[in-house]
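Novice: my_file.cif is reproduced below (mmCIF, C-alpha atoms).
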data_run
loop_
_atom_site.label_atom_id
_atom_site.label_comp_id
_atom_site.auth_asym_id
_atom_site.auth_seq_id
_atom_site.Cartn_x
_atom_site.Cartn_y
_atom_site.Cartn_z
CA MET A 1 87.59 74.45 139.86
CA ALA A 2 91.28 74.22 139.24
CA VAL A 3 94.40 76.09 140.20
CA SER A 4 94.66 79.32 138.25
CA LEU A 5 97.75 81.13 137.02
CA VAL A 6 98.94 84.70 137.24
CA LEU A 7 101.77 85.76 134.93
CA VAL A 8 103.80 88.79 135.94
CA SER A 9 106.30 90.52 133.69
CA HIS A 10 107.98 93.87 133.21
CA SER A 11 106.51 93.81 129.73
CA HIS A 12 102.83 94.10 128.97
CA GLU A 13 103.26 92.40 125.59
CA LEU A 14 105.35 89.56 126.92
CA VAL A 15 102.71 88.16 129.28
CA HIS A 16 99.86 88.77 126.86
CA GLY A 17 101.73 86.72 124.27
CA LEU A 18 102.50 84.03 126.81
CA LYS A 19 98.86 83.86 127.90
CA LYS A 20 97.79 83.32 124.30
CA LEU A 21 100.29 80.50 123.96
CA LEU A 22 99.13 78.82 127.17
CA GLU A 23 95.45 79.12 126.30
CA GLN A 24 96.12 77.17 123.16
CA VAL A 25 97.68 74.42 125.27
CA GLN A 26 95.04 74.37 127.97
CA PRO A 27 91.94 76.51 127.44
CA ASP A 28 90.27 75.47 130.71
CA VAL A 29 92.77 76.98 133.14
CA ALA A 30 92.05 80.54 134.24
CA ILE A 31 95.01 82.79 133.51
CA ALA A 32 95.44 86.45 134.40
CA VAL A 33 98.32 88.68 133.46
CA ALA A 34 99.97 91.69 135.08
CA GLY A 35 102.51 93.06 132.65
CA GLY A 36 104.13 96.46 132.83
CA THR A 37 103.21 99.44 134.96
CA ASP A 38 99.72 100.90 135.28
CA GLU A 39 100.49 102.85 132.09
CA ASN A 40 101.81 99.68 130.42
CA ASP A 41 105.35 101.00 130.42
CA ILE A 42 108.20 98.64 131.30
CA GLY A 43 108.00 97.75 134.99
CA THR A 44 105.69 96.01 137.41
CA SER A 45 102.90 97.23 139.65
CA ALA A 46 101.83 95.71 142.96
CA LEU A 47 98.26 96.97 142.47
CA LYS A 48 98.03 95.53 138.98
CA ILE A 49 99.31 92.18 140.26
CA LYS A 50 96.80 92.23 143.11
CA ASP A 51 93.96 92.89 140.66
CA ALA A 52 95.16 90.05 138.43
CA ILE A 53 95.21 87.60 141.34
CA GLU A 54 91.72 88.62 142.42
CA SER A 55 90.38 88.28 138.87
CA VAL A 56 91.19 84.55 138.71
CA TYR A 57 91.18 83.70 142.41
CA SER A 58 90.00 80.21 143.23
CA GLU A 59 89.91 78.36 146.53
CA ASP A 60 92.13 75.74 144.92
CA GLY A 61 94.81 78.38 144.75
CA VAL A 62 96.73 80.64 142.44
CA ALA A 63 100.22 79.97 141.12
CA LEU A 64 102.08 83.17 140.28
CA LEU A 65 105.08 83.26 137.96
CA PHE A 66 107.26 86.31 137.34
CA ASP A 67 110.14 87.32 135.11
CA LEU A 68 112.83 89.41 136.83
CA GLY A 69 113.90 90.62 140.26
CA SER A 70 111.71 93.58 141.04
CA ALA A 71 108.63 91.70 139.81
CA ARG A 72 109.15 89.50 142.83
CA LEU A 73 109.09 92.46 145.22
CA ASN A 74 105.83 93.71 143.75
CA ALA A 75 104.35 90.20 143.66
CA GLU A 76 105.13 89.72 147.35
CA MET A 77 103.66 93.11 148.13
CA ALA A 78 100.51 92.24 146.17
CA VAL A 79 100.08 88.98 148.07
CA GLU A 80 100.47 90.83 151.38
CA MET A 81 97.71 93.23 150.32
CA LEU A 82 95.28 90.33 149.89
CA ASP A 83 93.31 88.74 152.66
CA GLY A 84 95.78 87.00 154.99
CA ASN A 85 94.52 83.52 154.13
CA ALA A 86 94.74 83.93 150.37
CA ASN A 87 96.01 80.74 148.78
CA VAL A 88 98.72 82.07 146.46
CA THR A 89 102.13 80.57 145.74
CA ILE A 90 104.88 82.58 144.10
CA CYS A 91 106.79 80.06 141.99
CA ASP A 92 110.57 79.86 141.78
CA ALA A 93 110.53 79.19 138.07
CA PRO A 94 111.50 80.51 134.65
CA LEU A 95 108.51 82.39 133.26
CA VAL A 96 107.91 80.74 129.89
CA GLU A 97 108.87 77.12 130.56
CA GLY A 98 107.55 77.31 134.12
CA ALA A 99 104.18 78.64 133.03
CA TYR A 100 103.96 75.95 130.36
CA ALA A 101 104.62 73.19 132.92
CA ALA A 102 102.22 74.84 135.38
CA VAL A 103 99.33 75.13 132.94
CA VAL A 104 99.67 71.48 131.98
CA GLN A 105 99.68 70.41 135.62
CA ALA A 106 96.75 72.69 136.49
CA GLY A 107 94.84 71.39 133.48
CA ILE A 108 95.02 67.78 134.70
CA GLY A 109 93.71 68.85 138.10
CA GLY A 110 96.98 69.15 140.01
CA SER A 111 96.98 70.76 143.44
CA LEU A 112 98.62 74.13 144.00
CA GLY A 113 101.69 72.36 145.42
CA GLU A 114 101.92 70.13 142.35
CA VAL A 115 101.51 73.05 139.99
CA ALA A 116 104.21 75.04 141.77
CA ASP A 117 106.54 72.02 141.76
CA ALA A 118 105.98 71.45 138.07
CA ALA A 119 106.80 75.09 137.41
CA SER A 120 109.97 75.05 139.44
CA GLN A 121 111.16 71.76 137.90
CA ALA A 122 111.17 73.52 134.57
CA LYS A 123 114.39 75.15 135.79
CA THR A 124 116.28 71.88 135.42
CA PHE A 125 115.01 70.72 132.03
CA SER A 126 117.68 70.74 129.42
CA LYS A 127 116.36 72.25 126.23
CA LEU A 128 119.02 70.78 123.99
CA SER A 129 119.37 67.20 125.08
CA MET B 1 108.87 118.92 164.80
CA GLN B 2 105.65 119.80 163.06
CA LYS B 3 104.27 118.55 159.79
CA ASP B 4 105.79 121.41 157.76
CA VAL B 5 109.33 120.17 158.38
CA ILE B 6 108.53 116.83 156.76
CA LYS B 7 106.49 118.46 154.02
CA ASN B 8 109.37 120.80 153.16
CA TRP B 9 111.73 117.86 153.22
CA LEU B 10 109.60 115.87 150.77
CA PHE B 11 109.22 118.87 148.46
CA THR B 12 112.96 119.48 148.47
CA VAL B 13 113.69 115.79 147.90
CA ASN B 14 111.42 115.95 144.87
CA GLU B 15 113.30 118.97 143.50
CA ARG B 16 116.66 117.29 143.97
CA ILE B 17 115.45 114.05 142.39
CA GLN B 18 114.16 115.98 139.37
CA GLU B 19 117.57 117.70 139.10
CA LYS B 20 119.37 114.37 139.34
CA LYS B 21 116.94 112.37 137.22
CA ASP B 22 119.33 111.82 134.33
CA PHE B 23 122.26 111.19 136.62
CA LEU B 24 120.34 108.50 138.54
CA SER B 25 119.36 106.79 135.31
CA GLU B 26 122.96 107.00 134.11
CA LEU B 27 124.14 105.27 137.29
CA ASP B 28 121.47 102.63 136.79
CA ARG B 29 122.34 102.15 133.13
CA ALA B 30 125.86 101.22 134.18
CA ILE B 31 124.84 98.39 136.49
CA GLY B 32 121.04 97.97 136.28
CA ASP B 33 118.23 98.54 133.84
CA GLY B 34 118.52 102.29 133.55
CA ASP B 35 115.15 103.29 134.90
CA HIS B 36 115.95 104.55 138.39
CA GLY B 37 115.92 108.26 137.55
CA VAL B 38 112.72 108.05 135.53
CA ASN B 39 111.01 105.97 138.20
CA MET B 40 112.03 108.12 141.15
CA SER B 41 111.22 111.35 139.36
CA ARG B 42 107.79 110.12 138.33
CA GLY B 43 107.04 108.72 141.80
CA PHE B 44 108.09 111.78 143.77
CA ALA B 45 106.56 114.28 141.37
CA GLU B 46 103.26 112.49 141.70
CA ALA B 47 103.55 112.19 145.49
CA VAL B 48 104.22 115.91 145.89
CA GLN B 49 101.30 116.70 143.61
CA LYS B 50 99.01 114.54 145.74
CA ILE B 51 100.18 116.33 148.89
CA ARG B 52 99.55 119.72 147.26
CA ASP B 53 96.09 118.70 146.07
CA ASN B 54 94.94 117.18 149.31
CA GLU B 55 97.28 117.81 152.20
CA PRO B 56 97.31 115.04 154.82
CA ALA B 57 96.63 116.01 158.43
CA ASP B 58 99.89 114.84 160.00
CA ILE B 59 103.40 113.50 159.41
CA ALA B 60 102.22 109.90 159.24
CA GLY B 61 99.67 110.97 156.61
CA LEU B 62 102.38 112.60 154.51
CA MET B 63 104.50 109.46 154.68
CA GLN B 64 101.49 107.28 153.85
CA THR B 65 100.71 109.37 150.77
CA VAL B 66 104.28 109.08 149.53
CA ALA B 67 104.25 105.32 150.19
CA MET B 68 101.04 104.62 148.32
CA THR B 69 102.04 106.82 145.40
CA LEU B 70 105.44 105.15 145.02
CA ILE B 71 103.86 101.69 145.23
CA ALA B 72 101.30 102.60 142.58
CA LYS B 73 103.44 104.67 140.23
CA VAL B 74 106.98 103.33 140.29
CA GLY B 75 107.54 100.33 138.09
CA GLY B 76 111.00 99.26 139.22
CA ALA B 77 112.26 97.82 142.48
CA SER B 78 112.38 101.30 143.99
CA GLY B 79 108.55 101.40 144.15
CA PRO B 80 108.06 98.52 146.56
CA LEU B 81 111.30 99.27 148.42
CA TYR B 82 110.79 103.00 149.05
CA GLY B 83 107.06 102.33 149.33
CA THR B 84 107.72 99.88 152.14
CA ALA B 85 110.14 102.32 153.79
CA PHE B 86 107.57 105.12 153.90
CA LEU B 87 104.77 102.75 154.87
CA LYS B 88 106.73 101.48 157.88
CA ALA B 89 107.64 104.99 158.97
CA ALA B 90 103.99 106.07 158.61
CA ALA B 91 102.84 103.15 160.76
CA TYR B 92 105.35 104.05 163.47
CA LEU B 93 104.40 107.73 163.52
CA LYS B 94 100.64 107.19 163.30
CA GLY B 95 98.62 109.53 165.50
CA LYS B 96 101.56 111.77 166.48
CA ALA B 97 100.95 115.47 165.85
CA ASP B 98 104.44 116.41 166.99
CA VAL B 99 107.42 114.17 166.32
CA THR B 100 110.83 114.36 168.00
CA VAL B 101 114.09 113.86 166.11
CA ARG B 102 114.54 110.66 168.07
CA GLU B 103 111.10 109.37 167.06
CA LEU B 104 111.81 110.15 163.44
CA GLY B 105 115.02 108.14 163.73
CA GLU B 106 113.08 105.26 165.29
CA ALA B 107 110.56 105.46 162.46
CA PHE B 108 113.36 105.17 159.89
CA LYS B 109 114.73 102.20 161.79
CA GLU B 110 111.38 100.53 161.04
CA SER B 111 111.83 101.60 157.42
CA LEU B 112 115.28 100.01 157.33
CA ILE B 113 113.92 96.72 158.70
CA GLY B 114 111.14 96.87 156.09
CA ILE B 115 113.59 97.53 153.23
CA LYS B 116 115.80 94.63 154.30
CA GLN B 117 112.83 92.27 154.53
CA ARG B 118 111.31 93.34 151.24
CA GLY B 119 114.60 93.24 149.34
CA LYS B 120 116.07 90.34 151.35
CA ALA B 121 119.24 92.40 151.48
CA GLU B 122 121.96 92.83 154.05
CA LEU B 123 124.71 95.39 154.53
CA GLY B 124 127.54 95.19 151.98
CA GLN B 125 125.57 94.00 148.95
CA LYS B 126 125.78 97.32 147.10
CA THR B 127 122.20 98.42 147.71
CA MET B 128 120.32 101.24 149.41
CA VAL B 129 120.81 99.34 152.68
CA ASP B 130 124.46 100.41 152.57
CA VAL B 131 123.34 103.99 153.15
CA TRP B 132 120.28 103.39 155.32
CA GLU B 133 121.84 101.06 157.86
CA PRO B 134 124.91 103.07 158.94
CA VAL B 135 122.97 106.34 158.92
CA VAL B 136 120.03 105.09 160.97
CA GLU B 137 122.27 103.23 163.42
CA LYS B 138 124.40 106.34 163.94
CA TRP B 139 121.32 108.53 164.31
CA LEU B 140 119.97 106.33 167.11
CA SER B 141 123.37 106.14 168.80
CA TYR B 142 123.21 109.79 169.93
CA ASP B 143 122.14 110.15 173.56
CA GLY B 144 121.62 113.89 173.44
CA ALA B 145 121.69 116.30 170.51
CA VAL B 146 121.99 114.77 167.08
CA ASP B 147 124.92 116.01 164.99
CA PHE B 148 123.26 116.47 161.62
CA ASP B 149 126.48 117.52 159.88
CA GLU B 150 128.10 114.32 161.02
CA LEU B 151 125.12 112.33 159.73
CA ARG B 152 125.28 114.12 156.37
CA ALA B 153 128.95 113.30 156.06
CA LEU B 154 128.25 109.69 156.99
CA ALA B 155 125.49 109.43 154.39
CA GLU B 156 127.89 110.69 151.74
CA ALA B 157 130.76 108.46 152.85
CA SER B 158 128.41 105.46 152.92
CA LEU B 159 127.30 106.22 149.39
CA GLU B 160 130.91 106.50 148.19
CA LYS B 161 131.69 103.11 149.73
CA THR B 162 129.18 101.38 147.45
CA LYS B 163 131.55 102.11 144.58
CA ASP B 164 134.01 99.48 145.77
CA LEU B 165 131.42 96.84 146.54
CA GLU B 166 130.44 93.95 144.32
CA ALA B 167 126.69 93.73 143.80
CA THR B 168 125.07 90.51 144.99
CA LYS B 169 121.44 91.72 144.99
CA GLY B 170 119.17 93.15 142.35
CA ARG B 171 119.79 93.47 138.63
CA ALA B 172 123.37 94.59 139.23
CA ALA B 173 124.18 91.12 140.58
CA TYR B 174 124.12 89.82 136.99
CA LEU B 175 127.28 91.87 136.44
CA GLY B 176 129.15 90.37 139.40
CA LYS B 177 132.63 91.86 139.68
CA ARG B 178 131.99 94.22 136.79
CA SER B 179 129.66 96.13 139.12
CA ILE B 180 132.71 97.25 141.09
CA GLY B 181 133.70 100.85 140.41
CA HIS B 182 130.13 102.13 140.04
CA LEU B 183 128.03 103.90 142.65
CA ASP B 184 124.80 102.10 143.44
CA PRO B 185 121.82 104.11 142.14
CA GLY B 186 119.54 103.16 145.05
CA ALA B 187 122.26 104.19 147.48
CA TYR B 188 122.51 107.51 145.62
CA SER B 189 118.79 108.25 145.86
CA SER B 190 118.88 107.24 149.54
CA TYR B 191 121.78 109.64 150.06
CA LEU B 192 119.71 112.41 148.45
CA LEU B 193 116.85 111.68 150.85
CA PHE B 194 119.05 111.78 153.92
CA ASP B 195 121.22 114.72 152.84
CA THR B 196 118.09 116.79 152.27
CA LEU B 197 116.52 115.60 155.51
CA PHE B 198 119.51 116.44 157.71
CA ASN B 199 119.80 119.84 156.10
CA GLU B 200 116.14 120.43 156.91
CA LEU B 201 116.46 119.13 160.48
CA LYS B 202 119.45 121.31 161.35
CA GLY B 203 117.12 124.16 162.24
CA VAL B 204 114.76 122.00 164.27
CA LYS B 205 114.86 121.79 168.06
CA ALA B 206 114.89 118.27 169.64
#
Could you show the structure in this file as structure tokens?
Specialist:
Amino acid sequence: MAVSLVLVSHSHELVHGLKKLLEQVQPDVAIAVAGGTDENDIGTSALKIKDAIESVYSEDGVALLFDLGSARLNAEMAVEMLDGNANVTICDAPLVEGAYAAVVQAGIGGSLGEVADAASQAKTFSKLS
Amino acid sequence: MQKDVIKNWLFTVNERIQEKKDFLSELDRAIGDGDHGVNMSRGFAEAVQKIRDNEPADIAGLMQTVAMTLIAKVGGASGPLYGTAFLKAAAYLKGKADVTVRELGEAFKESLIGIKQRGKAELGQKTMVDVWEPVVEKWLSYDGAVDFDELRALAEASLEKTKDLEATKGRAAYLGKRSIGHLDPGAYSSYLLFDTLFNELKGVKA
């Protein structure tokens, strides 16, 4: 088992595209997406996020990355709806670069803490230097 | 008060949100992502439909239905925020067949705490809290009869005040000082909720 990832975005297409990209990098990490509302319109849904977490849940933990503000509210609500001991970390990270760093770390067997750290360090990488 | 007071309130709120749908989105387009009217209208229309189809047994049940519908159907921040507000109120009023004005105020105090926790917001950040907090605090400050006209005026004045505030929470925070001069959409929908509620409660004893 390894840490799995959940990608949350206001856009259905955005996280599906990102998942495809990450699977090419690291096919062995379980990744679930929750993009858009239940009707796949722009927005986020706590229930959809909860389902995504459950679909890839592993005892090693789940690292969740999100795009913009209200996705965080729904992600937190989703985590609260799970069993109280659920091992889920919401990462303070940019979605694309953070998920890339996270999938690499999860793929080499990193712990949930290491995966979340890798994701959040992606904030400080300079892309142009 | 009995269940019908709250049911009528929710139905009237829905009507007013449908009327103001475009206006709410317009406010949100100025400083947010422009979906507040669409989201609120979809959420409340659905909630009212659920109540019509399968009417809950008590006030807490009505609030619970609204909460779960908003959480499931509203894609923006207003889903989890209003969802939390109604969920907290439902939890507080659970099992009560008859609710006093005071108890309803206490229930909304729980809602306010829930909104602040969920949104990690405080007073003065140009959010719905800027309407909820002064209104709920004032409501609970009455020892005897509650002056609903005064509360309505306070809700409106609190809404107006958000115009001069600089947003530091939510999508509007990206605009910084350029958010000044616009009413906050969440504060506006909160004002609609309270204005309708106090109008409804004026005829209710205790």
Novice: Which residue out of A:Ala119, A:Val29, A:Val104, A:Ala34 has the minimum interatomic distance to A:Glu54 when all atoms listed in the file are used?
Specialist: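 Of A:Ala119, A:Val29, A:Val104, A:Ala34, the one nearest A:Glu54 is A:Ala34, counting all atoms listed in the file.
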Novice: Please evaluate the PyMOL selection byres ((chain B and resi 204) around 10) against the displayed coordinates and give the resulting residues as a PyMOL selection string.
Specialist: chain B and resi 1-2+5+100-101+198-203+205-206
Novice: Evaluate the PyMOL selection byres ((chain A) within 10 of (chain B)) and record the selected residues as a list in words, following the chain and residue labels used in the document.
Specialist: His10, Gly36, Thr37, Asp38, Glu39, Asn40, Asp41, Ile42, Gly43, Thr44, Ser45, Ala46, Leu47, Lys48, Leu68, Gly69, Ser70, Ala71, Arg72, Leu73, Asn74, Ala75, Glu76, Met77 and Ala78 of chain A
Novice: With only C-alpha atoms as the counted atoms, please give the residues lying no more than 12 Å from B:Phe23, apart from itself and same-chain residues fewer than 4 positions off, as an NGL selection string.
Specialist: :B and (16-19 or 27-30 or 34-38 or 40-41 or 183-186 or 188-189)
Novice: Write out as a ChimeraX atom specification each polymer residue whose atoms come within 7 Å of A:Leu95, counting all atoms listed in the file; drop sequence neighbours fewer than 5 positions from it.
Specialist: /A:65-67
